[in-house]
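> File name target04.cif; file contents mmCIF, C-alpha atoms and all ligand atoms; full text below.
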data_entry
#
loop_
_atom_site.label_atom_id
_atom_site.label_comp_id
_atom_site.auth_asym_id
_atom_site.auth_seq_id
_atom_site.Cartn_x
_atom_site.Cartn_y
_atom_site.Cartn_z
CA MET A 16 -36.39 -9.62 -0.48
CA SER A 17 -33.29 -7.65 0.22
CA PHE A 18 -30.87 -5.59 -1.86
CA ARG A 19 -29.47 -7.44 -4.80
CA ILE A 20 -25.93 -6.38 -5.60
CA ALA A 21 -24.67 -6.16 -9.17
CA ALA A 22 -21.26 -7.81 -9.50
CA ARG A 23 -19.76 -4.65 -10.96
CA THR A 24 -20.37 -2.88 -7.62
CA ILE A 25 -17.18 -4.55 -6.44
CA LEU A 26 -15.22 -2.70 -9.12
CA HIS A 27 -16.82 0.62 -8.12
CA LEU A 28 -16.06 -0.07 -4.48
CA GLY A 29 -12.40 -0.81 -5.19
CA ALA A 30 -12.02 2.23 -7.44
CA GLU A 31 -13.70 4.58 -4.93
CA LEU A 32 -11.71 3.37 -1.97
CA ILE A 33 -8.25 3.02 -3.40
CA SER A 34 -7.12 6.37 -4.71
CA SER A 35 -3.67 5.52 -6.08
CA ASP A 36 -1.27 2.68 -6.85
CA GLY A 37 0.75 3.69 -3.78
CA ILE A 38 -2.30 3.34 -1.51
CA ALA A 39 -3.10 -0.03 -3.13
CA LEU A 40 0.37 -1.32 -2.21
CA TYR A 41 0.11 0.24 1.24
CA GLU A 42 -3.10 -1.76 1.93
CA LEU A 43 -1.38 -5.02 0.96
CA ILE A 44 1.68 -4.11 3.07
CA LYS A 45 -0.65 -3.32 5.99
CA ASN A 46 -2.17 -6.80 5.70
CA ALA A 47 1.31 -8.36 5.85
CA TYR A 48 2.04 -6.31 8.98
CA ASP A 49 -1.29 -7.31 10.55
CA ALA A 50 -0.41 -10.96 9.83
CA ARG A 51 2.66 -10.45 12.10
CA SER A 52 5.10 -10.99 9.26
CA PRO A 53 8.64 -9.84 10.18
CA SER A 54 8.91 -8.04 6.80
CA VAL A 55 7.35 -7.81 3.36
CA GLN A 56 8.78 -8.19 -0.13
CA ILE A 57 7.28 -6.55 -3.19
CA ASN A 58 8.44 -7.85 -6.56
CA ILE A 59 7.48 -6.03 -9.71
CA VAL A 60 8.25 -7.93 -12.87
CA MET A 61 7.92 -6.30 -16.30
CA ALA A 62 9.19 -9.05 -18.59
CA LEU A 63 7.28 -7.82 -21.64
CA SER A 64 7.31 -4.22 -22.81
CA ARG A 65 4.03 -2.47 -22.10
CA ALA A 66 3.72 -1.37 -25.74
CA ALA A 67 3.99 -4.96 -27.05
CA GLN A 68 1.57 -6.18 -24.42
CA ARG A 69 -1.08 -3.56 -25.16
CA ASP A 70 -0.71 -3.86 -28.91
CA THR A 71 -1.05 -7.66 -28.79
CA LEU A 72 -4.13 -7.52 -26.58
CA ASP A 73 -5.77 -4.88 -28.82
CA ARG A 74 -5.10 -6.98 -31.94
CA ILE A 75 -6.51 -10.08 -30.23
CA ALA A 76 -9.68 -8.14 -29.31
CA ASP A 77 -10.02 -7.00 -32.96
CA THR A 78 -9.59 -10.57 -34.19
CA ARG A 79 -12.43 -11.75 -31.99
CA GLU A 80 -14.72 -9.02 -33.31
CA ASN A 81 -13.83 -9.59 -36.96
CA GLN A 82 -14.00 -13.41 -36.89
CA LEU A 83 -10.93 -14.18 -38.97
CA SER A 84 -10.56 -17.49 -40.83
CA PRO A 85 -8.53 -20.14 -38.94
CA SER A 86 -5.50 -19.69 -41.22
CA ALA A 87 -5.60 -15.87 -40.95
CA GLN A 88 -5.87 -16.27 -37.17
CA ARG A 89 -2.85 -18.53 -37.13
CA ASP A 90 -0.77 -16.10 -39.22
CA LEU A 91 -1.71 -13.24 -36.95
CA MET A 92 -0.92 -15.31 -33.86
CA LEU A 93 2.55 -16.18 -35.22
CA HIS A 94 3.20 -12.55 -36.14
CA LEU A 95 2.15 -11.25 -32.72
CA ARG A 96 4.09 -13.96 -30.95
CA GLN A 97 7.25 -12.96 -32.82
CA ARG A 98 6.73 -9.31 -31.86
CA CYS A 99 6.32 -10.34 -28.19
CA LEU A 100 9.42 -12.57 -28.26
CA GLU A 101 11.41 -9.58 -29.54
CA SER A 102 10.00 -7.36 -26.78
CA ILE A 103 11.02 -9.48 -23.82
CA ASP A 104 13.25 -7.79 -21.25
CA TYR A 105 15.73 -10.61 -20.55
CA SER A 106 16.93 -8.89 -17.37
CA ALA A 107 13.55 -9.66 -15.75
CA PRO A 108 13.69 -12.63 -13.35
CA CYS A 109 11.16 -14.82 -15.17
CA ALA A 110 11.95 -13.70 -18.73
CA ARG A 111 13.04 -17.27 -19.70
CA ASP A 112 9.68 -18.66 -18.52
CA VAL A 113 7.81 -16.04 -20.53
CA HIS A 114 9.94 -16.91 -23.56
CA LYS A 115 9.20 -20.64 -23.13
CA LYS A 116 5.51 -20.05 -22.65
CA LEU A 117 5.31 -17.87 -25.78
CA GLU A 118 7.17 -20.50 -27.81
CA SER A 119 4.75 -23.21 -26.76
CA ILE A 120 1.48 -21.43 -27.56
CA ARG A 121 -0.88 -22.91 -30.12
CA THR A 122 -3.91 -20.61 -30.14
CA ILE A 123 -4.85 -16.97 -29.81
CA ASP A 124 -6.26 -17.74 -26.34
CA ASP A 125 -2.87 -19.19 -25.27
CA LEU A 126 -1.18 -16.06 -26.57
CA GLU A 127 -3.55 -13.80 -24.65
CA SER A 128 -2.95 -15.70 -21.45
CA ALA A 129 0.86 -15.68 -21.89
CA VAL A 130 0.85 -11.95 -22.56
CA LEU A 131 -1.41 -11.16 -19.59
CA ASP A 132 0.76 -13.23 -17.25
CA ALA A 133 4.12 -11.87 -18.44
CA ASN A 134 4.11 -8.86 -16.10
CA SER A 135 3.21 -9.12 -12.44
CA ILE A 136 3.32 -7.63 -8.98
CA SER A 137 3.70 -9.89 -5.98
CA VAL A 138 3.47 -8.96 -2.34
CA ILE A 139 4.97 -11.69 -0.21
CA ASP A 140 4.96 -12.08 3.55
CA GLN A 141 5.97 -14.69 6.09
CA GLY A 142 3.10 -13.91 8.44
CA GLU A 143 0.45 -16.14 9.96
CA GLY A 144 -1.08 -16.95 6.58
CA MET A 145 -4.62 -18.17 5.98
CA SER A 146 -6.13 -21.62 6.31
CA LEU A 147 -8.51 -22.81 3.60
CA ALA A 148 -11.43 -21.88 5.87
CA ILE A 149 -10.11 -18.34 6.51
CA LEU A 150 -9.42 -17.85 2.82
CA ASN A 151 -12.94 -18.93 1.92
CA ASP A 152 -14.54 -17.07 4.76
CA ALA A 153 -12.65 -13.91 5.84
CA PHE A 154 -10.85 -13.23 2.56
CA LEU A 155 -13.98 -13.68 0.48
CA THR A 156 -16.21 -11.63 2.78
CA ILE A 157 -16.29 -7.98 1.85
CA GLY A 158 -16.38 -5.90 5.00
CA THR A 159 -15.19 -8.89 7.03
CA ARG A 160 -15.10 -8.24 10.74
CA SER A 161 -12.42 -10.87 11.24
CA LYS A 162 -9.88 -8.40 12.58
CA ARG A 163 -12.36 -6.33 14.50
CA ARG A 164 -13.69 -9.50 16.14
CA GLY A 165 -10.13 -10.61 16.81
CA LYS A 166 -9.30 -7.25 18.39
CA ASP A 167 -11.85 -7.78 21.16
CA ALA A 168 -10.03 -10.95 22.21
CA MET A 169 -6.51 -9.46 21.91
CA ASN A 170 -4.31 -8.07 24.62
CA SER A 171 -3.29 -4.44 24.18
CA ASP A 172 0.05 -5.27 22.51
CA GLU A 173 -1.63 -7.41 19.89
CA ARG A 174 -4.33 -4.81 19.39
CA GLN A 175 -1.70 -2.13 18.78
CA HIS A 176 -0.19 -4.37 16.15
CA THR A 177 -3.42 -4.72 14.18
CA LEU A 178 -4.25 -1.88 11.84
CA GLY A 179 -7.00 -3.29 9.62
CA GLU A 180 -10.63 -3.14 10.58
CA LYS A 181 -12.76 -2.10 7.61
CA GLY A 182 -12.48 -5.43 5.80
CA ILE A 183 -11.90 -3.95 2.35
CA GLY A 184 -8.13 -3.38 2.00
CA ARG A 185 -7.47 -6.40 -0.20
CA LEU A 186 -9.81 -5.03 -2.85
CA SER A 187 -6.87 -2.80 -3.67
CA ALA A 188 -5.40 -5.75 -5.60
CA MET A 189 -8.03 -5.16 -8.30
CA ARG A 190 -6.72 -1.67 -8.91
CA LEU A 191 -3.34 -3.12 -9.81
CA GLY A 192 -4.45 -5.80 -12.25
CA ASP A 193 -7.32 -7.98 -13.46
CA ARG A 194 -6.02 -11.32 -12.22
CA LEU A 195 -5.30 -12.19 -8.61
CA ARG A 196 -3.78 -15.36 -7.25
CA VAL A 197 -3.48 -15.79 -3.50
CA ARG A 198 -1.16 -18.51 -2.21
CA THR A 199 -1.20 -18.84 1.52
CA ALA A 200 -0.73 -21.29 4.36
CA GLN A 201 -0.64 -21.38 8.11
CA LYS A 202 1.93 -23.38 10.06
CA ALA A 203 -0.64 -26.10 10.75
CA ASP A 204 -1.33 -26.58 7.00
CA HIS A 205 0.53 -29.28 5.10
CA ARG A 206 -0.30 -27.74 1.75
CA TRP A 207 -0.69 -24.28 0.27
CA ASN A 208 -4.18 -22.84 -0.18
CA ASN A 209 -4.84 -21.10 -3.47
CA LEU A 210 -7.48 -18.70 -4.64
CA ASP A 211 -7.83 -17.25 -8.16
CA ILE A 212 -9.95 -14.24 -8.95
CA ASP A 213 -10.48 -12.80 -12.43
CA TRP A 214 -11.81 -9.30 -11.73
CA SER A 215 -12.89 -8.92 -15.36
CA ALA A 216 -15.76 -11.30 -14.50
CA PHE A 217 -17.18 -8.38 -12.49
CA SER A 218 -17.07 -6.27 -15.64
CA HIS A 219 -18.91 -2.95 -15.89
CA ALA A 220 -20.55 -4.25 -19.06
CA SER A 221 -22.12 -7.24 -17.32
CA ASP A 222 -25.48 -7.40 -15.51
CA ALA A 223 -24.43 -10.42 -13.46
CA LEU A 224 -25.30 -10.37 -9.80
CA LEU A 225 -22.62 -10.77 -7.20
CA GLU A 226 -23.90 -14.18 -6.09
CA ASP A 227 -23.69 -15.48 -9.69
CA ILE A 228 -19.91 -15.27 -9.71
CA HIS A 229 -18.51 -18.26 -7.91
CA LEU A 230 -15.13 -18.15 -6.26
CA ALA A 231 -13.63 -20.93 -4.22
CA ALA A 232 -10.25 -21.49 -2.66
CA ARG A 233 -8.52 -24.83 -3.37
CA VAL A 234 -5.81 -26.82 -1.69
CA GLY A 235 -2.56 -26.61 -3.68
CA GLY A 236 0.94 -28.08 -3.58
CA GLN A 237 2.83 -29.27 -0.55
CA LYS A 238 4.75 -26.75 1.59
CA ALA A 239 8.53 -27.08 1.50
CA SER A 240 8.80 -27.13 5.29
CA PRO A 241 6.19 -27.61 8.02
CA GLU A 242 7.38 -24.40 9.68
CA THR A 243 6.49 -22.28 6.64
CA SER A 244 3.61 -19.86 6.85
CA GLY A 245 2.73 -16.73 4.93
CA THR A 246 0.93 -15.25 1.99
CA GLU A 247 1.77 -14.36 -1.58
CA ILE A 248 -0.56 -11.96 -3.38
CA LEU A 249 0.23 -12.25 -7.08
CA VAL A 250 -1.38 -9.74 -9.44
CA ARG A 251 -1.25 -10.18 -13.21
CA ALA A 252 -2.92 -8.57 -16.23
CA LEU A 253 -1.56 -5.29 -14.86
CA LYS A 254 -3.54 -2.14 -15.58
CA ARG A 255 -0.60 0.11 -16.34
CA ASP A 256 3.06 0.30 -17.18
CA TRP A 257 5.05 -0.43 -14.02
CA SER A 258 8.24 1.20 -15.27
CA ARG A 259 11.15 1.63 -12.90
CA LYS A 260 10.34 5.36 -12.81
CA HIS A 261 6.75 4.71 -11.70
CA VAL A 262 7.97 2.36 -8.97
CA GLU A 263 10.60 4.87 -7.78
CA GLY A 264 7.88 7.53 -7.55
CA ILE A 265 5.71 5.28 -5.36
CA VAL A 266 8.66 4.33 -3.19
CA GLN A 267 9.47 8.01 -2.56
CA GLN A 268 5.94 9.32 -2.20
CA ASP A 269 4.24 6.50 -0.32
CA LEU A 270 6.43 3.65 0.86
CA ALA A 271 9.24 5.75 2.37
CA GLN A 272 6.81 7.16 4.94
CA ILE A 273 5.13 3.92 6.02
CA ASN A 274 7.62 3.48 8.87
CA ASP A 275 7.86 6.30 11.41
CA PRO A 276 10.90 8.30 10.16
CA PHE A 277 11.84 9.38 13.68
CA GLU A 278 12.42 5.85 14.93
CA SER A 279 16.03 4.72 14.68
CA SER A 280 15.25 1.26 13.36
CA LEU A 281 12.62 0.20 10.86
CA ARG A 282 9.63 -1.40 12.52
CA PHE A 283 8.51 -3.12 9.37
CA PRO A 284 11.19 -3.67 6.71
CA ILE A 285 9.88 -3.40 3.16
CA THR A 286 11.90 -4.58 0.16
CA VAL A 287 10.92 -3.48 -3.33
CA ARG A 288 12.42 -5.05 -6.45
CA HIS A 289 11.86 -4.02 -10.05
CA ASN A 290 12.90 -6.72 -12.48
CA GLY A 291 15.03 -8.21 -9.72
CA GLU A 292 16.84 -4.99 -8.79
CA ILE A 293 16.27 -3.51 -5.37
CA ILE A 294 14.75 -0.02 -5.42
CA PRO A 295 16.11 1.64 -2.27
CA ILE A 296 13.56 3.20 0.04
CA PRO A 297 14.83 6.56 1.30
CA ARG A 298 15.22 7.08 5.06
CA LEU A 299 14.99 10.42 6.81
CA GLU A 300 18.53 11.81 6.68
CA PRO A 301 19.91 13.36 9.90
CA TRP A 302 20.85 16.66 8.19
CA ILE A 303 17.17 17.32 7.51
CA LEU A 304 16.48 17.61 11.23
CA LYS A 305 19.31 20.14 11.63
CA HIS A 306 18.50 22.57 8.82
CA TYR A 307 14.90 23.43 9.49
CA HIS A 308 13.58 26.99 9.59
CA GLY A 309 11.07 26.19 12.28
CA ARG A 310 10.33 23.25 14.54
CA CYS A 311 7.57 22.36 16.92
CA ALA A 312 7.49 19.46 19.35
CA GLY A 313 4.68 18.80 21.75
CA LYS A 314 2.88 16.20 23.82
CA PHE A 315 -0.74 15.64 24.60
CA ARG A 316 -1.12 13.82 27.92
CA ARG A 317 -2.95 13.67 31.20
CA LEU A 318 -1.03 15.13 34.15
CA PRO A 319 -2.22 14.19 37.66
CA SER A 320 -2.04 17.82 38.76
CA ARG A 321 -3.53 19.56 35.69
CA GLY A 322 -5.68 17.08 33.79
CA LEU A 323 -5.38 17.04 29.98
CA VAL A 324 -2.58 19.23 28.66
CA PHE A 325 -1.04 19.85 25.26
CA SER A 326 2.38 21.44 25.76
CA GLY A 327 5.67 21.78 23.98
CA THR A 328 8.22 24.07 22.34
CA MET A 329 8.56 26.00 19.11
CA ASP A 330 12.03 26.87 17.81
CA GLU A 331 13.06 29.09 14.95
CA SER A 332 16.36 28.66 13.13
CA SER A 333 17.24 32.20 14.34
CA GLY A 334 17.50 30.75 17.87
CA LYS A 335 14.17 32.09 19.15
CA THR A 336 12.35 29.57 21.35
CA GLU A 337 8.86 29.66 22.75
CA ASN A 338 7.08 27.25 25.07
CA PHE A 339 3.34 26.64 24.89
CA SER A 340 0.90 24.85 27.14
CA TYR A 341 -2.85 24.50 26.64
CA SER A 342 -5.24 23.18 29.26
CA GLU A 343 -8.37 21.24 28.37
CA VAL A 344 -10.55 24.38 28.48
CA GLU A 345 -8.08 26.29 26.28
CA LEU A 346 -7.89 23.44 23.76
CA LEU A 347 -11.66 23.35 23.44
CA SER A 348 -11.81 27.09 22.93
CA VAL A 349 -8.97 27.09 20.33
CA ALA A 350 -10.73 24.27 18.47
CA ARG A 351 -13.99 26.25 18.47
CA GLU A 352 -12.28 29.37 17.11
CA SER A 353 -10.44 27.35 14.44
CA HIS A 354 -13.72 25.96 13.02
CA LEU A 355 -12.40 22.40 12.86
CA ALA A 356 -14.33 19.94 10.72
CA VAL A 357 -14.92 17.89 13.87
CA ASP A 358 -16.76 19.49 16.75
CA LEU A 359 -14.19 18.88 19.46
CA SER A 360 -16.16 18.00 22.57
CA PRO A 361 -14.76 17.20 26.03
CA GLU A 362 -15.83 13.55 25.39
CA ILE A 363 -13.67 13.36 22.23
CA LEU A 364 -10.74 14.95 24.03
CA HIS A 365 -11.02 12.48 26.91
CA SER A 366 -11.25 9.54 24.51
CA LEU A 367 -7.81 10.35 23.06
CA GLY A 368 -4.75 8.46 24.26
CA PRO A 369 -1.50 10.35 24.82
CA PHE A 370 0.41 11.28 21.68
CA SER A 371 3.39 13.31 20.66
CA VAL A 372 3.87 15.57 17.67
CA GLU A 373 7.04 16.75 16.05
CA PHE A 374 7.11 18.82 12.94
CA TYR A 375 9.68 20.69 10.95
CA TRP A 376 9.09 23.66 8.72
CA PHE A 377 11.24 24.44 5.70
CA ASN A 378 10.94 27.70 3.82
CA ARG A 379 11.39 26.73 0.20
CA ARG A 380 12.78 30.16 -0.66
CA LYS A 381 15.41 30.01 2.06
CA LEU A 382 16.74 26.57 1.12
CA THR A 383 20.37 26.64 0.01
CA ALA A 384 23.07 24.23 -1.14
CA LEU A 385 24.52 22.36 1.84
CA ASP A 386 28.04 21.10 2.43
CA GLY A 387 28.01 17.32 2.59
CA VAL A 388 24.56 17.11 0.97
CA GLY A 389 24.81 18.82 -2.39
CA ASP A 390 23.56 21.72 -4.49
CA LEU A 391 20.13 23.29 -4.11
CA THR A 392 18.48 20.80 -6.48
CA THR A 393 19.91 17.86 -4.52
CA VAL A 394 18.78 19.38 -1.21
CA ARG A 395 15.25 19.83 -2.59
CA ASP A 396 15.19 16.29 -4.04
CA ARG A 397 16.33 14.69 -0.79
CA LEU A 398 13.80 16.69 1.21
CA ARG A 399 10.88 15.95 -1.10
CA PRO A 400 9.80 12.54 0.29
CA TRP A 401 9.25 14.16 3.68
CA THR A 402 7.19 17.11 2.53
CA GLY A 403 3.52 17.45 1.73
CA GLY A 404 1.78 17.87 5.06
CA LEU A 405 1.43 16.27 8.45
CA LEU A 406 2.01 12.54 8.48
CA VAL A 407 0.21 10.58 11.16
CA PHE A 408 1.69 7.41 12.66
CA ARG A 409 0.00 5.01 14.99
CA ASP A 410 2.45 2.85 16.87
CA GLY A 411 5.13 3.58 14.32
CA PHE A 412 3.04 2.75 11.23
CA ARG A 413 1.69 5.39 8.86
CA VAL A 414 -2.04 6.07 8.83
CA PHE A 415 -3.32 7.35 5.50
CA PRO A 416 -4.65 9.65 4.07
CA TYR A 417 -3.13 12.40 6.24
CA GLY A 418 -0.10 14.04 4.73
CA GLY A 419 -1.16 14.57 1.14
CA GLY A 420 -1.71 18.33 1.57
CA THR A 421 0.14 21.28 0.18
CA MET A 422 2.23 22.34 3.18
CA ILE A 423 5.86 21.39 3.06
CA GLY A 424 8.13 20.01 5.67
CA LEU A 425 5.76 19.05 8.43
CA ILE A 426 6.03 15.71 10.11
CA TRP A 427 3.79 14.47 12.89
CA THR A 428 4.22 11.41 14.98
CA GLY A 429 1.48 10.28 17.25
CA ARG A 430 1.77 7.24 19.44
CA PRO A 431 -1.35 6.77 21.47
CA SER A 432 -1.01 3.90 23.87
CA ARG A 433 -3.25 2.28 26.41
CA ALA A 434 -1.78 3.73 29.57
CA ALA A 435 -1.92 7.47 30.14
CA ASP A 436 1.49 9.09 30.10
CA THR A 437 1.83 10.77 33.46
CA SER A 438 5.47 11.76 33.30
N1 LIG A 501 -1.34 -11.05 3.96
C1 LIG A 501 -2.31 -11.61 4.69
N2 LIG A 501 -2.04 -12.55 5.63
C2 LIG A 501 -3.01 -13.10 6.38
N3 LIG A 501 -4.33 -12.79 6.26
C3 LIG A 501 -4.68 -11.87 5.35
C4 LIG A 501 -3.71 -11.22 4.51
N4 LIG A 501 -4.36 -10.36 3.68
C5 LIG A 501 -5.67 -10.44 4.01
N5 LIG A 501 -5.88 -11.34 5.00
C6 LIG A 501 -7.19 -11.72 5.59
O1 LIG A 501 -8.20 -11.18 4.77
C7 LIG A 501 -9.02 -10.29 5.51
C8 LIG A 501 -9.43 -9.12 4.66
O2 LIG A 501 -8.32 -8.23 4.45
P1 LIG A 501 -8.63 -6.69 4.19
O3 LIG A 501 -7.37 -5.94 4.06
O4 LIG A 501 -9.59 -6.59 3.05
O5 LIG A 501 -9.43 -6.24 5.48
P2 LIG A 501 -8.86 -5.89 6.94
O6 LIG A 501 -7.39 -5.94 6.94
O7 LIG A 501 -9.60 -6.80 7.88
O8 LIG A 501 -9.38 -4.40 7.12
P3 LIG A 501 -8.90 -3.06 6.31
O9 LIG A 501 -9.87 -2.90 5.18
O10 LIG A 501 -9.05 -1.97 7.33
O11 LIG A 501 -7.52 -3.30 5.84
C9 LIG A 501 -8.22 -9.90 6.73
O12 LIG A 501 -9.06 -9.55 7.82
C10 LIG A 501 -7.39 -11.16 7.00
O13 LIG A 501 -8.17 -12.10 7.71
MG MG A 502 -6.25 -4.82 5.57
#
Taking this structure as input, can you express it in the form of structure tokens?

Amino acid sequence: MSFRIAARTILHLGAELISSDGIALYELIKNAYDARSPSVQINIVMALSRAAQRDTLDRIADTRENQLSPSAQRDLMLHLRQRCLESIDYSAPCARDVHKKLESIRTIDDLESAVLDANSISVIDQGEGMSLAILNDAFLTIGTRSKRRGKDAMNSDERQHTLGEKGIGRLSAMRLGDRLRVRTAQKADHRWNNLDIDWSAFSHASDALLEDIHLAARVGGQKASPETSGTEILVRALKRDWSRKHVEGIVQQDLAQINDPFESSLRFPITVRHNGEIIPIPRLEPWILKHYHGRCAGKFRRLPSRGLVFSGTMDESSGKTENFSYSEVELLSVARESHLAVDLSPEILHSLGPFSVEFYWFNRRKLTALDGVGDLTTVRDRLRPWTGGLLVFRDGFRVFPYGGGTMIGLIWTGRPSRAADTS
């Protein structure tokens, strides 16, 4: 006998681990990056208004409870269908398909399925993709060690390019919507591999055990070209309204900071579209780095003559500059006095690779309108994506959850690498 796991545990796990829609997208983007894709595309399609969608689904649920006569069911179906047809946003890329599907429905079940599928989020990459075996094995194993195992066999460059290790990131798809379709293929595959998951089968109301819910990947249609590889994560039956405003908020608060803002070119280009229109992802604007009220830049490294050292400079906008340099002993004593959550031991300090930090401080009260940027409100708006605490980057890619605090205007970049920096 061992633990038996109720199917609904999966839903709890997903909900506990993925704290926001932005983090959910970040996890899927991270998987595309880990798959060595050159970029990732996120397409959000809201072809049917959220109000019409919710209303129709509520009415369908009522119908099932009240057991209407077949003719009353049909009348209701026709009425709801008409309402949905009138609520289609024809600017959405697949609006015509949704229209066609709604016109062809015959039953309440068809209507429900058409309405659930009308709005979607897809995360598409051109990475290594997954074979049928990987999809069935690694993708369907919670807590998979596939990447961790892989890391042991990787050279240091490959290891630096692999962020995942917990084996739970893709559960974030369930936060976005109840239905998941994965379409993926490796170069060696002739056909796509598909996997469908209906998360509502893991419902809180059900006592089913995890092993009772069967999921299996299938071989799908032929690939257009043998060279094609990659993955499309398609989420439908969305849990909320993905209005343009909601998407813009996520782009500003979460996606803008995925790439290290101090690097001149984007390491991992991300394209976000809402109903076909590109939502621009803000980049750190050069003026921001010139109008700070305080700045600190430092490096943690091992020097042949002095051992571990954290040193750097602090500048104030008034022109005052101060250098600092802490030895290993001083760092340990500062950490002890600061009552850090982690007990900083010499072993922990020695296990760290070299990193650099750079942060900028802005005094909200001293912000002013700026020539070439705009009035005070514009200055604040353009600064906002970069505020909120220290952001941590590993090899140019953001590591969550750091940076969600209350401080403003602090940016941290850390780039530990294998070799100690002895310059
Ligand atoms: N876009 C993708 N392309 C290729 N393989 C993928 C993709 N998304 C997921 N996988 C496979 O599914 C596995 C599980 O992904 P998941 O994000 O849950 O875990 P992880 O990336 O290994 O670790 P973490 O939880 O830290 O992100 C991955 O290890 C990988 O093998
Ligand atoms: Mg992952």
> Residues up to 7 Å from ligand LIG 501 (chain A), counting all atoms listed in the file: could you list those as a VMD selection string?
chain A and resid 42 to 43 45 to 47 50 140 142 to 145 149 153 to 154 157 to 162 178 to 186 245 to 246
> Need to verify the contact set: stretch 57-65 of chain A, 9 Å, all atoms listed in the file, exclusion of same-chain residues closer than 4 positions in sequence. Can you return it as a PyMOL selection string?
chain A and resi 40+44+69-70+99-100+102-110+113+130+133-139+255-258+262+285-291
> Do you know which residues are at most 12 Å from A:Gln272 counting all atoms listed in the file, after dropping those on the same chain fewer than 4 positions away, and could you put them as a PyMOL selection string?
chain A and resi 37-38+41+265-268+276-278+281-285+296-299+399-408+411-419+426-428
> Measure the distance from atom CA of A:Leu323 to atom CA of A:Ser340 in Å and round it to one decimal.
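So the answer is 10.4 Å.
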> Just give me the gap between atom CA of A:Asn378 and atom CA of A:Lys335 in Å, one decimal is fine.
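The value is 16.3 Å.
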> Taking into account only C-alpha atoms, which residue in the set A:Arg310, A:Leu26, A:Glu373, A:Tyr48 is nearest to A:Ile273?
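Closest residue, counting only C-alpha atoms: A:Tyr48.
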> Fewer than 2 positions away in the same chain doesn't count, so skip those; otherwise give me all residues within 10 Å of A:His365, counting only C-alpha atoms, as number ranges by chain.
A: 317, 322-323, 343, 360-363, 367-369
> Which residue out of A:Asp49, A:Glu263, A:Asp36, A:Asp211 has the minimum interatomic distance to ligand MG 502 (chain A) when all atoms listed in the file are used?
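When distances to ligand MG 502 (chain A) are compared using all atoms listed in the file, the smallest one comes from A:Asp49.
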> Tell me, in Å to one decimal, how far atom CA of A:Ser34 is from atom CA of A:Leu225.
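Taking atom CA of A:Ser34 as the start and atom CA of A:Leu225 as the end point, the length is 23.2 Å.
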> Between A:Glu101, A:Asp222, A:Asp358, A:Asp193, which residue has the minimum interatomic distance to A:Ala66, considering all atoms listed in the file?
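When distances to A:Ala66 are compared using all atoms listed in the file, the smallest one comes from A:Glu101.
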> Taking into account all atoms listed in the file, which residue in the set A:Ser35, A:Ser86, A:Ser146, A:Ser187 is nearest to ligand MG 502 (chain A)?
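Smallest separation from ligand MG 502 (chain A) among the options: A:Ser187.
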> Write out as a PyMOL selection string each polymer residue whose atoms come within 9 Å of A:Arg395, counting all atoms listed in the file; drop sequence neighbours fewer than 4 positions from it.
chain A and resi 379+382-383+390-391+399
> With all atoms of stretch 273-286 of chain A from the file as input, state the centre and edge lengths in Å to one decimal of the axis-aligned box that has 5 Å extra on each side, as lines of an AutoDock Vina configuration file.

center_x = 10.6
center_y = 2.4
center_z = 7.5
size_x = 20.9
size_y = 24.0
size_z = 24.8
> Restricting the calculation to only C-alpha atoms and all ligand atoms: of A:Thr392, A:Ser279, A:Thr177, A:Thr199, which residue gets closest to ligand MG 502 (chain A)?
A:Thr177
> Between A:His205, A:His308, A:His354, A:Lys254, which one has atoms that come closest to A:Phe374, using only C-alpha atoms?
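For A:Phe374, the nearest of the candidates is A:His308.
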